Amino acid sequence: MDNKVNSELNAIVGTILDDYSSDRIINKTDIMDQPDRDKVTEILDKLIKLVFPGYYREKNYKFYNLSSRITVLSEDIFYNLKKQIIISLIQKPEYEKASFEERAEASDKITSEFMMKIPKIRELIETDVQAFFDGDPAAYNHSEIILCYPGLRAIVTARIAHELFLLGVPIIPRMMTEYAHSRTGIDIHPGATIGKYFFIDHGTGIVVGETTVIGDYVKIYQGVTIGALSTRGGQSLRGVKRHPTIEDRVTIYAGASILGGDTVIGHDAVIGSNAFIVSSVEPESKVSFRDGCNS
């Protein structure tokens, strides 16, 4: 590198470093107190292998039986998830000044509790796979659904992330669901509560907000928003139920928007394409965008 270029580079670096010294949120420079997004993605992929043990090949290890495979995979997940949770706990006020040992002890407990929930997660996902098969005549078998359907991938990720969210893990659940969002176009907040037999058809453009509650046997199509009526209140709305409740056996067709924490879509209702709903809908109703009313 010649002297002129070296001088210019030094000037550029000096200018940037000076800018870092100002009082801005984005000027944080300690990368070691943030979870590693790539590691979190790796952990999620390994958790999906635990959920579907016969569908995804393991490239790093050779196994002689299922027990040894699951043992190694579980140990790998436990070790790496615990490390990321230790880091993420810094984001919680009660751990902001805690020692590494205190965060490690808390992380060990959280990770153990989460890993024990995997059978529960798998039980719910089993119902989702069946809902996809029962609801989509284009699905020829369960393998096609598990390996190909973005809607199922988004739901599986959301169910995994939701359990971490319930355990109070900061950031990591959202990293997982946003990774799924980037891959599938389906945005499910890890705080959303979702019942069994959940079916997302096609999926692209779906949004499910943090305080959404979805019952059993719910089916939604692409472009659906289950969102907040208004977020102008900003942080004052944290912890407030801002998103709708969708009761059992509701079908929501493409492009519909259902908004507001007080909005309840009654059981067995059908919401037509492009409907815009900001108030509750009675059970067994049919809502049409064309006539703008319940029928």
# chains A, B, ... in the order shown; residues from 1 in each chain; ligands from 1
$ residues_around --residues "segment 141-148 of chain A" --least-positions-apart "5" --cutoff "8 Å" --atoms "only C-alpha atoms" --output "ChimeraX atom specification"
/A:55,129-130,132-133,153
$ write_last_selection --atoms "N, CA and C atoms" --output "tab-separated table (two decimals), in the first residue's frame"
chain	number	residue	atom	x	y	z
A	55	TYR	N	-35.20	-36.92	8.81
A	55	TYR	CA	-35.40	-36.11	7.61
A	55	TYR	C	-34.19	-35.27	7.20
A	129	VAL	N	-48.14	-30.91	11.07
A	129	VAL	CA	-47.87	-31.68	9.85
A	129	VAL	C	-49.15	-32.33	9.35
A	130	GLN	N	-49.93	-32.88	10.27
A	130	GLN	CA	-51.18	-33.52	9.87
A	130	GLN	C	-52.17	-32.50	9.32
A	132	PHE	N	-51.43	-29.78	7.70
A	132	PHE	CA	-50.99	-29.48	6.34
A	132	PHE	C	-51.44	-30.58	5.38
A	133	PHE	N	-51.27	-31.83	5.79
A	133	PHE	CA	-51.63	-32.94	4.91
A	133	PHE	C	-53.14	-32.99	4.68
A	153	ARG	N	-42.06	-24.77	8.12
A	153	ARG	CA	-40.77	-24.34	8.66
A	153	ARG	C	-40.96	-23.13	9.59
$ select_by_dssp --residues "segment 231-292 of chain A" --states "strand (DSSP E)" --output "PyMOL selection string"
chain A and resi 245-246+251-252+257-259+264-265+270-271+276-277+286-288
$ write_last_selection --atoms "C-alpha atoms" --output "PDB file, in the first residue's frame"
ATOM      1  CA  THR A 245     -57.565 -13.611  19.400  1.00  0.00           C
ATOM      2  CA  ILE A 246     -58.471 -16.196  16.757  1.00  0.00           C
ATOM      3  CA  THR A 251     -60.260 -19.866   8.239  1.00  0.00           C
ATOM      4  CA  ILE A 252     -58.684 -16.598   7.092  1.00  0.00           C
ATOM      5  CA  SER A 257     -56.109  -7.879   7.936  1.00  0.00           C
ATOM      6  CA  ILE A 258     -57.358  -8.494  11.476  1.00  0.00           C
ATOM      7  CA  LEU A 259     -56.246  -5.847  13.932  1.00  0.00           C
ATOM      8  CA  VAL A 264     -61.917 -11.737  18.757  1.00  0.00           C
ATOM      9  CA  ILE A 265     -62.704 -13.893  15.741  1.00  0.00           C
ATOM     10  CA  VAL A 270     -64.618 -17.599   7.806  1.00  0.00           C
ATOM     11  CA  ILE A 271     -62.826 -14.366   6.917  1.00  0.00           C
ATOM     12  CA  PHE A 276     -60.257  -5.443   6.962  1.00  0.00           C
ATOM     13  CA  ILE A 277     -61.426  -6.209  10.486  1.00  0.00           C
ATOM     14  CA  LYS A 286     -68.710 -15.231   7.250  1.00  0.00           C
ATOM     15  CA  VAL A 287     -67.065 -11.882   6.586  1.00  0.00           C
ATOM     16  CA  SER A 288     -66.777 -10.669   3.006  1.00  0.00           C
TER      17      SER A 288
END
$ closest_residue --among "A:Tyr179, A:Phe100, A:Tyr140, A:Phe165" --to "Asp45 of chain A" --atoms "only C-alpha atoms"
A:Tyr179
$ atom_distance --atom1 "atom CA of Asp128 of chain A" --atom2 "atom CA of Phe199 of chain A"
6.3 Å
$ residues_around --residues "segment 91-96 of chain A" --least-positions-apart "3" --cutoff "7 Å" --atoms "only C-alpha atoms" --output "list in words"
Ser88, Arg103 and Pro170 of chain A
$ atom_distance --atom1 "atom CA of Ala256 of chain A" --atom2 "atom CA of Val224 of chain A"
4.9 Å
